[in-house]
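protein02.cif (mmCIF, C-alpha atoms)
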data_start
#
loop_
_atom_site.label_atom_id
_atom_site.label_comp_id
_atom_site.auth_asym_id
_atom_site.auth_seq_id
_atom_site.Cartn_x
_atom_site.Cartn_y
_atom_site.Cartn_z
CA MET Y 41 50.22 -67.29 40.11
CA THR Y 42 48.10 -64.19 40.28
CA TYR Y 43 46.61 -62.19 37.46
CA LEU Y 44 45.32 -59.27 39.52
CA ALA Y 45 48.47 -57.25 38.94
CA LYS Y 46 48.31 -57.93 35.20
CA SER Y 47 44.81 -56.62 34.67
CA PRO Y 48 43.85 -53.94 37.20
CA TRP Y 49 40.62 -52.25 36.16
CA ILE Y 50 39.93 -48.80 37.49
CA VAL Y 51 36.81 -46.93 38.44
CA HIS Y 52 37.15 -43.20 38.96
CA TYR Y 53 34.96 -41.29 41.39
CA ASN Y 54 35.01 -37.51 41.30
CA GLY Y 55 34.04 -36.31 44.79
CA SER Y 56 34.15 -32.55 44.61
CA SER Y 57 37.26 -32.17 42.51
CA CYS Y 58 37.96 -29.07 40.41
CA ASN Y 59 38.60 -31.46 37.46
CA GLY Y 60 42.35 -30.81 37.60
CA CYS Y 61 43.17 -34.28 38.91
CA ASP Y 62 40.46 -35.87 36.73
CA ILE Y 63 42.06 -34.47 33.61
CA GLU Y 64 45.41 -35.88 34.76
CA ILE Y 65 43.84 -39.34 35.31
CA LEU Y 66 42.44 -39.23 31.79
CA ALA Y 67 45.83 -38.04 30.55
CA ALA Y 68 47.27 -41.35 31.76
CA LEU Y 69 44.99 -43.14 29.25
CA THR Y 70 46.16 -41.03 26.28
CA PRO Y 71 48.87 -42.20 23.83
CA VAL Y 72 51.59 -40.34 25.80
CA PHE Y 73 51.26 -42.52 28.92
CA ASP Y 74 49.00 -45.32 27.58
CA VAL Y 75 48.31 -47.26 30.78
CA GLU Y 76 46.48 -49.93 28.75
CA ARG Y 77 50.02 -51.25 28.09
CA PHE Y 78 49.79 -52.68 31.63
CA GLY Y 79 46.24 -53.94 31.17
CA ILE Y 80 44.78 -50.99 33.06
CA ILE Y 81 41.29 -50.10 31.85
CA ASN Y 82 39.06 -47.28 33.01
CA THR Y 83 35.78 -49.17 33.38
CA GLY Y 84 33.26 -46.67 34.69
CA ASN Y 85 31.47 -49.53 36.47
CA PRO Y 86 32.37 -50.24 40.11
CA LYS Y 87 31.28 -53.89 39.76
CA HIS Y 88 33.99 -54.49 37.15
CA ALA Y 89 36.70 -52.54 38.97
CA ASP Y 90 39.64 -53.51 41.20
CA ILE Y 91 40.98 -50.06 42.03
CA LEU Y 92 38.95 -47.03 43.09
CA LEU Y 93 40.50 -43.67 42.26
CA VAL Y 94 38.99 -40.83 44.27
CA THR Y 95 39.55 -37.17 43.49
CA GLY Y 96 38.32 -34.18 45.48
CA SER Y 97 37.38 -33.80 49.12
CA VAL Y 98 34.49 -35.58 50.81
CA ASN Y 99 31.53 -33.41 51.68
CA SER Y 100 28.05 -34.07 53.02
CA GLN Y 101 26.64 -34.47 49.51
CA ASN Y 102 29.08 -36.98 48.04
CA ARG Y 103 29.70 -39.06 51.18
CA GLU Y 104 26.90 -41.58 50.55
CA PRO Y 105 27.59 -42.01 46.80
CA LEU Y 106 31.29 -42.60 47.59
CA LYS Y 107 30.43 -45.28 50.17
CA ASN Y 108 28.01 -46.81 47.68
CA VAL Y 109 30.64 -46.99 44.92
CA TYR Y 110 33.18 -48.48 47.34
CA ASP Y 111 30.72 -51.15 48.56
CA GLN Y 112 29.89 -52.23 45.01
CA ILE Y 113 33.50 -53.10 44.11
CA PRO Y 114 34.04 -56.85 44.53
CA ASP Y 115 36.89 -57.94 46.84
CA PRO Y 116 39.87 -57.72 46.70
CA LYS Y 117 39.88 -53.96 46.12
CA VAL Y 118 42.10 -50.96 46.88
CA VAL Y 119 41.45 -47.24 47.13
CA VAL Y 120 43.84 -44.59 45.81
CA ALA Y 121 43.24 -40.99 46.88
CA ILE Y 122 44.42 -38.72 44.05
CA GLY Y 123 45.36 -35.10 44.71
CA ILE Y 124 45.69 -33.15 47.93
CA CYS Y 125 41.91 -32.65 48.30
CA ALA Y 126 41.26 -36.42 48.33
CA THR Y 127 44.29 -36.93 50.59
CA SER Y 128 43.44 -34.44 53.33
CA GLY Y 129 40.70 -32.08 52.17
CA GLY Y 130 43.30 -29.64 50.84
CA ILE Y 131 42.29 -25.99 50.84
CA PHE Y 132 38.67 -27.01 51.37
CA ARG Y 133 39.21 -28.80 54.67
CA GLU Y 134 37.97 -25.84 56.75
CA CYS Y 135 34.73 -25.51 54.76
CA TYR Y 136 31.53 -26.00 56.77
CA ASN Y 137 30.28 -28.84 54.58
CA VAL Y 138 33.59 -30.69 54.09
CA TYR Y 139 34.48 -33.77 56.12
CA GLY Y 140 38.06 -33.84 54.84
CA GLY Y 141 39.97 -36.43 52.81
CA THR Y 142 38.70 -39.73 51.41
CA ASP Y 143 39.88 -41.61 54.55
CA THR Y 144 37.15 -39.92 56.61
CA THR Y 145 34.62 -42.13 54.79
CA ILE Y 146 36.31 -45.22 53.33
CA PRO Y 147 39.68 -46.90 54.03
CA VAL Y 148 42.42 -45.53 51.75
CA ASP Y 149 45.46 -47.62 50.74
CA VAL Y 150 47.56 -45.19 48.71
CA TYR Y 151 47.78 -41.39 48.88
CA VAL Y 152 48.91 -39.46 45.80
CA PRO Y 153 49.23 -35.81 46.85
CA GLY Y 154 49.65 -32.92 44.43
CA CYS Y 155 47.62 -30.08 43.00
CA ALA Y 156 46.98 -31.36 40.48
CA ALA Y 157 48.67 -34.77 40.85
CA ARG Y 158 50.92 -35.47 37.85
CA PRO Y 159 50.04 -38.41 35.58
CA GLU Y 160 53.45 -39.97 36.43
CA SER Y 161 52.69 -39.91 40.15
CA ILE Y 162 49.15 -41.23 39.55
CA ILE Y 163 50.58 -44.20 37.62
CA ASP Y 164 53.16 -44.66 40.40
CA GLY Y 165 50.36 -44.66 42.98
CA VAL Y 166 48.39 -47.26 41.01
CA VAL Y 167 51.51 -49.46 40.73
CA LYS Y 168 51.95 -49.22 44.54
CA ALA Y 169 48.28 -50.14 44.90
CA LEU Y 170 48.89 -53.32 42.86
CA GLY Y 171 51.21 -54.65 45.57
CA ILE Y 172 48.58 -53.97 48.24
CA LEU Y 173 45.93 -55.59 46.02
CA GLU Y 174 47.99 -58.78 45.89
CA GLU Y 175 48.46 -58.78 49.69
CA LYS Y 176 44.71 -58.39 50.17
CA ARG Y 177 44.02 -61.27 47.79
CA LYS Y 178 46.34 -63.53 49.80
CA LYS Y 179 44.62 -62.53 53.04
CA ILE Y 180 41.18 -63.31 51.57
CA GLN Y 181 42.47 -66.66 50.32
CA GLU Y 182 43.91 -67.52 53.75
CA LYS Y 183 40.62 -66.55 55.40
CA ALA Y 184 38.71 -68.74 52.97
CA GLY Y 185 41.14 -71.58 53.73
CA GLU Y 186 40.66 -71.40 57.53
CA PRO Y 187 37.36 -73.30 57.92
CA LEU Y 188 38.73 -76.08 55.73
CA LYS Y 189 41.79 -76.45 58.00
CA ALA Y 190 39.58 -76.49 61.11
CA GLY Y 191 37.44 -79.19 59.55
CA GLY Y 192 40.53 -81.21 58.75
CA ALA Y 193 41.77 -80.99 62.37
CA VAL Y 194 38.52 -82.47 63.71
CA MET H 88 42.19 -92.57 11.05
CA ILE H 89 38.95 -91.36 12.58
CA PRO H 90 35.88 -93.06 11.04
CA GLU H 91 33.56 -90.87 8.97
CA TYR H 92 30.60 -91.02 11.36
CA LEU H 93 32.72 -89.75 14.29
CA MET H 94 34.01 -86.67 12.46
CA PRO H 95 31.18 -84.32 13.57
CA VAL H 96 31.80 -85.29 17.21
CA VAL H 97 35.54 -84.68 16.82
CA THR H 98 35.08 -81.26 15.19
CA ALA H 99 32.52 -80.27 17.83
CA ILE H 100 34.91 -81.24 20.65
CA LEU H 101 37.78 -79.45 18.91
CA TYR H 102 35.59 -76.35 18.69
CA ILE H 103 34.64 -76.48 22.38
CA VAL H 104 38.29 -76.86 23.42
CA LEU H 105 40.04 -74.58 20.91
CA ALA H 106 37.48 -71.83 20.22
CA PRO H 107 38.06 -69.98 23.53
CA LEU H 108 41.82 -70.01 22.88
CA LEU H 109 41.40 -68.77 19.32
CA GLY H 110 38.69 -66.26 20.28
CA GLY H 111 40.80 -64.85 23.12
CA LEU H 112 43.75 -64.51 20.77
CA ILE H 113 41.59 -62.70 18.19
CA CYS H 114 40.38 -60.40 20.97
CA GLY H 115 43.98 -59.70 22.04
CA ILE H 116 45.08 -58.92 18.47
CA ASP H 117 41.98 -56.74 18.12
CA ARG H 118 43.01 -54.68 21.16
CA LYS H 119 46.59 -54.39 19.94
CA VAL H 120 45.55 -53.25 16.44
CA THR H 121 43.03 -50.81 17.93
CA ALA H 122 45.77 -49.32 20.15
CA ARG H 123 48.13 -48.96 17.17
CA MET H 124 45.39 -47.20 15.20
CA GLN H 125 45.10 -44.72 18.07
CA GLY H 126 48.88 -44.20 18.23
CA ARG H 127 49.29 -46.24 21.43
CA VAL H 128 51.47 -49.24 22.23
CA GLY H 129 48.55 -51.29 23.49
CA PRO H 130 48.27 -54.22 25.89
CA PRO H 131 50.01 -57.59 25.39
CA ILE H 132 48.35 -59.99 22.92
CA LEU H 133 47.47 -62.31 25.83
CA GLN H 134 45.76 -59.53 27.81
CA PRO H 135 42.20 -60.96 27.38
CA PHE H 136 43.38 -64.20 29.04
CA TYR H 137 44.90 -62.23 31.94
CA ASP H 138 41.62 -60.32 32.30
CA VAL H 139 39.51 -63.48 32.43
CA ALA H 140 41.96 -65.21 34.83
CA LYS H 141 41.78 -62.16 37.07
CA LEU H 142 37.97 -62.08 37.00
CA PHE H 143 37.96 -65.68 38.25
CA GLU H 144 40.15 -64.55 41.18
CA LYS H 145 37.59 -61.96 42.23
CA GLU H 146 34.61 -62.22 44.52
CA ASN H 147 31.29 -63.10 42.87
CA PRO H 148 28.73 -60.61 44.14
CA VAL H 149 25.32 -61.42 42.64
CA VAL H 150 22.21 -59.32 42.92
CA THR H 151 19.90 -62.30 42.44
CA VAL H 152 21.00 -65.94 42.40
CA ALA H 153 19.17 -66.39 39.09
CA GLN H 154 21.96 -64.39 37.43
CA ASN H 155 24.39 -67.28 37.89
CA ALA H 156 22.06 -69.68 36.07
CA TYR H 157 21.38 -67.24 33.23
CA VAL H 158 25.06 -66.50 32.66
CA LEU H 159 25.93 -70.20 32.68
CA SER H 160 23.10 -70.86 30.20
CA TYR H 161 24.41 -68.06 27.97
CA LEU H 162 27.87 -69.65 27.92
CA VAL H 163 26.58 -73.22 27.44
CA PHE H 164 24.14 -72.38 24.64
CA MET H 165 26.74 -70.26 22.86
CA ALA H 166 29.16 -73.21 22.98
CA VAL H 167 26.38 -75.57 21.84
CA ALA H 168 25.45 -73.29 18.93
CA GLY H 169 29.06 -73.15 17.77
CA ALA H 170 29.59 -76.87 18.33
CA LEU H 171 26.48 -77.70 16.25
CA PHE H 172 27.79 -75.41 13.53
CA PHE H 173 31.24 -76.98 13.45
CA ALA H 174 29.73 -80.46 13.64
CA GLY H 175 28.06 -79.66 10.33
CA ASN H 176 24.53 -79.60 11.71
CA ASP H 177 21.41 -77.81 10.56
CA MET H 178 22.05 -74.09 10.10
CA LEU H 179 18.58 -73.15 11.39
CA LEU H 180 19.10 -75.14 14.58
CA VAL H 181 22.44 -73.35 15.06
CA ILE H 182 20.76 -69.95 14.65
CA PHE H 183 18.02 -70.84 17.13
CA ALA H 184 20.56 -71.98 19.75
CA PHE H 185 22.59 -68.83 19.05
CA THR H 186 19.57 -66.57 19.58
CA LEU H 187 18.49 -68.49 22.67
CA SER H 188 21.89 -67.92 24.28
CA HIS H 189 21.48 -64.16 23.85
CA ILE H 190 17.99 -64.32 25.31
CA PHE H 191 19.58 -65.83 28.43
CA LEU H 192 21.99 -62.89 28.61
CA VAL H 193 19.06 -60.47 28.34
CA LEU H 194 17.15 -62.36 31.06
CA GLY H 195 20.23 -62.21 33.28
CA ALA H 196 20.45 -58.45 32.84
CA TYR H 197 16.71 -58.06 33.49
CA SER H 198 16.89 -60.16 36.67
CA SER H 199 18.91 -57.48 38.49
CA TYR H 200 17.40 -54.26 39.79
CA SER H 201 19.78 -51.75 38.24
CA PRO H 202 18.16 -49.37 35.73
CA TYR H 203 21.45 -49.33 33.78
CA SER H 204 21.29 -53.09 33.47
CA HIS H 205 17.68 -52.84 32.26
CA VAL H 206 18.56 -50.25 29.61
CA GLY H 207 21.40 -52.52 28.49
CA ALA H 208 19.02 -55.50 28.31
CA GLU H 209 16.54 -53.50 26.22
CA ARG H 210 19.30 -52.47 23.86
CA GLU H 211 20.54 -56.05 23.60
CA LEU H 212 16.99 -57.05 22.58
CA LEU H 213 16.97 -54.27 19.99
CA GLN H 214 20.28 -55.58 18.64
CA ILE H 215 18.82 -59.09 18.38
CA ILE H 216 15.84 -57.65 16.49
CA ALA H 217 18.25 -55.74 14.23
CA TYR H 218 20.55 -58.62 13.26
CA GLU H 219 18.19 -61.60 13.33
CA PRO H 220 16.53 -61.09 9.89
CA MET H 221 19.90 -60.85 8.17
CA ILE H 222 21.22 -63.99 9.90
CA ILE H 223 18.11 -65.92 8.83
CA LEU H 224 18.47 -64.57 5.27
CA THR H 225 22.07 -65.81 5.25
CA ALA H 226 20.90 -69.34 6.06
CA VAL H 227 18.05 -69.14 3.51
CA GLY H 228 20.41 -67.82 0.84
CA MET H 229 22.81 -70.68 1.41
CA TYR H 230 19.88 -73.10 1.15
CA MET H 231 18.83 -71.58 -2.18
CA VAL H 232 22.33 -72.04 -3.58
CA THR H 233 23.26 -75.46 -2.18
CA LYS H 234 19.77 -76.97 -1.60
CA SER H 235 20.70 -77.81 2.00
CA PHE H 236 20.51 -76.23 5.42
CA PHE H 237 23.21 -78.56 6.71
CA VAL H 238 26.53 -76.82 7.35
CA SER H 239 28.44 -79.95 6.31
CA ALA H 240 26.65 -80.04 2.94
CA ILE H 241 27.11 -76.30 2.40
CA ALA H 242 30.82 -76.45 3.27
CA THR H 243 31.54 -79.44 1.00
CA SER H 244 29.27 -78.42 -1.89
CA GLY H 245 32.22 -76.90 -3.79
CA ILE H 246 29.98 -74.07 -5.03
CA PRO H 247 31.53 -70.59 -4.77
CA ILE H 248 28.59 -69.30 -2.73
CA ILE H 249 29.93 -65.75 -2.60
CA PHE H 250 29.23 -65.25 -6.36
CA TYR H 251 25.58 -66.14 -5.82
CA LEU H 252 25.15 -64.18 -2.59
CA PRO H 253 27.27 -60.98 -2.72
CA GLY H 254 24.41 -58.87 -1.29
CA VAL H 255 23.77 -61.33 1.52
CA PHE H 256 27.50 -61.33 2.33
CA ILE H 257 27.63 -57.52 2.62
CA GLY H 258 24.50 -57.63 4.76
CA TYR H 259 26.14 -60.26 6.96
CA LEU H 260 29.24 -58.07 7.39
CA MET H 261 26.91 -55.27 8.47
CA VAL H 262 25.31 -57.35 11.24
CA LEU H 263 28.76 -58.69 12.15
CA THR H 264 29.53 -55.16 13.40
CA ILE H 265 26.55 -55.45 15.73
CA LYS H 266 27.50 -58.96 16.84
CA LEU H 267 31.17 -58.14 17.52
CA ARG H 268 30.02 -55.20 19.68
CA LYS H 269 31.86 -52.65 17.58
CA SER H 270 31.08 -48.98 17.01
CA PRO H 271 28.83 -47.62 15.54
CA PHE H 272 26.56 -50.42 16.82
CA ASP H 273 27.97 -51.17 20.30
CA LEU H 274 24.80 -50.02 22.02
CA SER H 275 24.16 -52.69 24.60
CA THR H 276 27.75 -53.02 25.77
CA SER H 277 31.16 -52.45 24.25
CA HIS H 278 34.74 -53.53 24.39
CA HIS H 279 38.01 -51.96 25.43
CA ALA H 280 37.65 -48.87 27.57
CA HIS H 281 34.47 -47.65 25.85
CA GLN H 282 31.69 -46.65 28.18
CA GLU H 283 27.99 -46.22 27.53
CA ILE H 284 25.27 -46.19 30.22
CA VAL H 285 27.77 -47.59 32.75
CA LYS H 286 28.41 -50.90 30.99
CA GLY H 287 25.05 -51.74 29.50
CA VAL H 288 23.97 -55.36 29.60
CA THR H 289 27.00 -56.45 31.68
CA THR H 290 26.57 -53.74 34.35
CA ASP H 291 25.43 -56.05 37.12
CA PHE H 292 27.76 -58.95 36.35
CA ALA H 293 31.06 -59.03 38.21
CA GLY H 294 33.97 -61.38 38.79
CA PRO H 295 33.50 -64.98 37.55
CA ASN H 296 30.14 -64.19 35.91
CA LEU H 297 31.71 -61.47 33.81
CA ALA H 298 34.51 -63.89 32.90
CA LYS H 299 31.91 -66.40 31.65
CA ILE H 300 30.29 -63.72 29.50
CA GLU H 301 33.72 -62.93 28.06
CA ILE H 302 34.43 -66.61 27.27
CA ALA H 303 31.00 -66.93 25.64
CA HIS H 304 31.94 -63.94 23.51
CA TRP H 305 35.13 -65.74 22.42
CA TYR H 306 33.03 -68.71 21.32
CA GLU H 307 30.82 -66.26 19.44
CA TYR H 308 33.82 -64.74 17.62
CA VAL H 309 34.86 -68.09 16.18
CA PHE H 310 31.31 -69.06 15.21
CA LEU H 311 30.65 -65.74 13.45
CA LEU H 312 33.91 -65.89 11.52
CA GLY H 313 33.05 -69.53 10.67
CA VAL H 314 29.93 -68.28 8.86
CA ILE H 315 32.16 -66.05 6.70
CA TRP H 316 34.13 -69.22 5.93
CA LEU H 317 30.96 -70.82 4.49
CA PHE H 318 30.71 -68.13 1.82
CA PHE H 319 34.22 -69.03 0.63
CA ALA H 320 34.30 -72.70 1.64
CA TRP H 321 35.26 -73.84 -1.87
CA SER H 322 38.71 -72.26 -1.39
CA PRO H 323 40.11 -72.30 2.18
CA LEU H 324 42.96 -69.92 1.33
CA ILE H 325 40.63 -67.19 0.05
CA ALA H 326 38.36 -67.85 3.03
CA ILE H 327 41.16 -67.17 5.52
CA VAL H 328 42.25 -64.03 3.67
CA VAL H 329 38.67 -62.73 3.57
CA ILE H 330 38.17 -63.44 7.29
CA VAL H 331 41.35 -61.51 8.16
CA VAL H 332 40.43 -58.60 5.88
CA ALA H 333 36.81 -58.53 7.13
CA TYR H 334 37.96 -58.46 10.75
CA PHE H 335 40.48 -55.71 10.03
CA VAL H 336 37.74 -53.64 8.36
CA GLU H 337 35.55 -54.17 11.45
CA ILE H 338 38.34 -52.80 13.68
CA LEU H 339 38.82 -49.86 11.30
CA ILE H 340 35.08 -49.08 11.39
CA ASP H 341 35.15 -49.42 15.19
CA ASN H 342 37.85 -46.78 15.43
CA THR H 343 36.46 -44.32 12.88
CA PHE H 344 32.78 -44.17 13.75
CA ALA H 345 30.91 -42.78 16.73
CA ARG H 346 28.12 -44.77 18.33
CA VAL H 347 24.69 -44.26 16.69
CA LYS H 348 21.24 -44.12 18.25
CA TRP H 349 19.27 -47.36 18.38
CA GLN H 350 16.70 -46.08 15.87
CA LEU H 351 19.40 -45.65 13.23
CA MET H 352 20.89 -49.07 14.02
CA LEU H 353 17.53 -50.81 13.67
CA ARG H 354 16.52 -48.90 10.55
CA SER H 355 19.83 -49.24 8.74
CA SER H 356 20.28 -52.93 9.49
CA TRP H 357 16.73 -53.75 8.33
CA ILE H 358 17.12 -51.56 5.21
CA ILE H 359 20.39 -53.29 4.37
CA ALA H 360 18.84 -56.70 5.05
CA GLY H 361 15.90 -55.79 2.79
CA MET H 362 17.84 -54.02 0.02
CA LEU H 363 20.83 -56.34 -0.26
CA GLY H 364 19.59 -59.57 1.33
CA LEU H 365 16.05 -59.90 0.00
CA VAL H 366 16.86 -58.41 -3.42
CA ASN H 367 19.81 -60.80 -3.71
CA LEU H 368 17.54 -63.74 -2.94
CA GLY H 369 14.88 -62.41 -5.34
CA VAL H 370 17.36 -62.12 -8.21
CA LEU H 371 18.65 -65.61 -7.41
CA TYR H 372 15.09 -66.99 -7.48
CA TYR H 373 14.38 -65.24 -10.79
CA LEU H 374 17.58 -66.55 -12.39
CA LYS H 375 16.76 -70.09 -11.28
CA LEU H 376 13.36 -69.74 -13.02
CA VAL H 377 14.89 -68.39 -16.23
CA VAL H 378 17.93 -70.65 -16.36
CA PRO H 379 16.91 -74.07 -15.05
CA SER H 380 19.98 -75.96 -13.98
#

Show this structure as structure tokens.
Amino acid sequence: MTYLAKSPWIVHYNGSSCNGCDIEILAALTPVFDVERFGIINTGNPKHADILLVTGSVNSQNREPLKNVYDQIPDPKVVVAIGICATSGGIFRECYNVYGGTDTTIPVDVYVPGCAARPESIIDGVVKALGILEEKRKKIQEKAGEPLKAGGAV
Amino acid sequence: MIPEYLMPVVTAILYIVLAPLLGGLICGIDRKVTARMQGRVGPPILQPFYDVAKLFEKENPVVTVAQNAYVLSYLVFMAVAGALFFAGNDMLLVIFAFTLSHIFLVLGAYSSYSPYSHVGAERELLQIIAYEPMIILTAVGMYMVTKSFFVSAIATSGIPIIFYLPGVFIGYLMVLTIKLRKSPFDLSTSHHAHQEIVKGVTTDFAGPNLAKIEIAHWYEYVFLLGVIWLFFAWSPLIAIVVIVVAYFVEILIDNTFARVKWQLMLRSSWIIAGMLGLVNLGVLYYLKLVVPS
């Protein structure tokens, strides 16, 4: 039995977003969508989070903070890139200071394109991420189980 | 039947086993009622249990190994404080164990290097300074009425303590807001999706450590509501009604007030403790002089 899917906590990192996607993420917390129904909480602290939502493209200024936030999330964790800028760099991808989408810096599990991404598609993306989260947990568990098995064989 | 001398042990064990279940349930109902007040559907009642179960499934990244010890001490001393209380032990001893457990939480937050964690720890200390006088006054007031610091004696005295200590009771409700981490006094850390200075005192705790802090908080819930019980111990039915109403009012206050600055929290809680608590005790002392029982 796993409880990860029942209580996914989110941390939101705004790379260089225009705030369009950020507003839509916050809209998902309002009474209309109310994601807390599914136990989803916007924590604001990477150490408490399971899912990292990234909005906006990655540029030379926010690359290190983004890596830092990602590294602080305890395993198992997933990354959801929200909006076309976080997915591929969007209209900013040709800019001199822009690296591109989130996947140029950290591994991304789910892409939610759109400008801005709709709250429905953001929730859909998070639900997809829950499946990946569970897979990752199983992998970590299997890895942790390996040395025990080896010891048993000897 | 269980012999008389074993009863404290039985109640203490019952508390240690059942308090997390009851506390988690109260927390779940709290979240549901809060959501309804905000026009939302809200999470399932069992959501706090899912959260804690999930946190135990996560990795445990610690900044310093000392954190593990501090968090465990926080949980253990909180359980001990509540167990002593429900075993009918000395009220002062209970309060000291209760305060000590929070000191461990503060030490845990100070042992990491995050400035957010440090700010949270400072604010937790300020909260302890703010609520401690009123908690002590509650114990002293109960002693003045029942002539005993022992919870068992206070609970079985049959005296309607609330009529002697109305001011102390209101003061206690005031510090209960601080203790339950509710707005306007949720400075060091808060519940639900509230955010303040990242996550205050719990910033650098993750996974299983955070789960332990949450369980300790469930123990705290039951202990704090148990103190309300003492005011109404002569009539269990009224006691239960008052506990439910008091908790509902706390949720209402949580949802209608913004967070205040620490200066206002400290000032107002000390003024309330002085005005209502000390004056209540003074009047009680005067009446005892005038009308010898």

List the spatial neighbours of stretch 155-162 of chain Y as a compact mmCIF listing (two decimals) with C-alpha atoms, keeping the file's coordinate frame - criterion: any atom at most 10 Å away, all atoms listed in the file, same-chain residues fewer than 2 positions off excluded.
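So the final result, stored in out_38.txt, reads:
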# COMPACT_ATOMS: atom_id res chain seq x y z
CA SER Y 57 37.26 -32.17 42.51
CA CYS Y 58 37.96 -29.07 40.41
CA ASN Y 59 38.60 -31.46 37.46
CA GLY Y 60 42.35 -30.81 37.60
CA CYS Y 61 43.17 -34.28 38.91
CA ASP Y 62 40.46 -35.87 36.73
CA ILE Y 63 42.06 -34.47 33.61
CA GLU Y 64 45.41 -35.88 34.76
CA ILE Y 65 43.84 -39.34 35.31
CA LEU Y 66 42.44 -39.23 31.79
CA ALA Y 67 45.83 -38.04 30.55
CA ALA Y 68 47.27 -41.35 31.76
CA LEU Y 69 44.99 -43.14 29.25
CA PHE Y 73 51.26 -42.52 28.92
CA LEU Y 93 40.50 -43.67 42.26
CA THR Y 95 39.55 -37.17 43.49
CA VAL Y 120 43.84 -44.59 45.81
CA ALA Y 121 43.24 -40.99 46.88
CA ILE Y 122 44.42 -38.72 44.05
CA GLY Y 123 45.36 -35.10 44.71
CA ILE Y 124 45.69 -33.15 47.93
CA CYS Y 125 41.91 -32.65 48.30
CA GLY Y 130 43.30 -29.64 50.84
CA TYR Y 151 47.78 -41.39 48.88
CA VAL Y 152 48.91 -39.46 45.80
CA PRO Y 153 49.23 -35.81 46.85
CA ASP Y 164 53.16 -44.66 40.40
CA GLY Y 165 50.36 -44.66 42.98
CA VAL Y 166 48.39 -47.26 41.01
CA VAL Y 167 51.51 -49.46 40.73
CA LYS Y 168 51.95 -49.22 44.54

Could you tell me, as an MDAnalysis selection string, exactly which residues end up selected when the PyMOL selection byres ((chain Y) within 7 of (chain H)) is applied to this structure? chainID Y and resid 43:44 46:47 71 74 76:79 81:85 87:88 114:116

Explicit residue set for the PyMOL selection byres ((chain H and resi 97-112) around 8), as JSON, numbers by chain: {"H": [93, 94, 95, 96, 113, 114, 115, 116, 132, 133, 135, 136, 166, 169, 170, 171, 173, 174, 302, 303, 304, 305, 306, 307, 308, 309]}

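The two atoms in question, atom CA of H:Ile359 and atom CA of H:Ile182, are spaced 19.6 Å apart.
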
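Taking atom CA of H:Phe310 and atom CA of H:Val120 as endpoints, the distance between them is 21.3 Å.
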
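What separates atom CA of Y:Thr144 from atom CA of Y:Arg103 is a distance of 9.3 Å.
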
If I put a ball of radius 7 Å at (44.6, -49.9, 46.2) in the file's coordinates, which residues poke into it when counting only C-alpha atoms, written as JSON, numbers by chain? {"Y": [91, 117, 118, 119, 120, 149, 150, 166, 169, 170, 172, 173]}

Spell out the residues picked by the PyMOL selection byres ((chain H and resi 260) around 12) here, as number ranges by chain. H: 218, 221-222, 225, 253-259, 261-267, 269, 311-312, 314-315, 318, 329-330, 332-337, 340, 356, 359-360, 363-364

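If only C-alpha atoms are the atoms counted, then among H:Leu274, H:Val227, H:Val232, H:Ala240 the closest residue to H:Met352 is H:Leu274.
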
Using only C-alpha atoms, give me every residue within 12 Å of (19.5, -65.7, 25.7) in file coordinates, as a PyMOL selection string. chain H and resi 156-165+168+182-197+208+211-212+215+288+300+303

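For the set H:Val328, H:Leu317, H:Ala345, H:Val206, the residue with the smallest atom-to-atom gap to H:Gly175 is H:Leu317, counting all atoms listed in the file.
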
Excluding H:Gly369 and its own-chain neighbours fewer than 4 positions away, which residues fall within 12 Å of it when counting all atoms listed in the file? Please give them as a list in words. Leu224, Val227, Gly228, Met231, Tyr251, Leu252, Gly254, Val255, Gly361, Met362, Leu363, Gly364, Leu365, Tyr373, Leu374, Lys375 and Leu376 of chain H
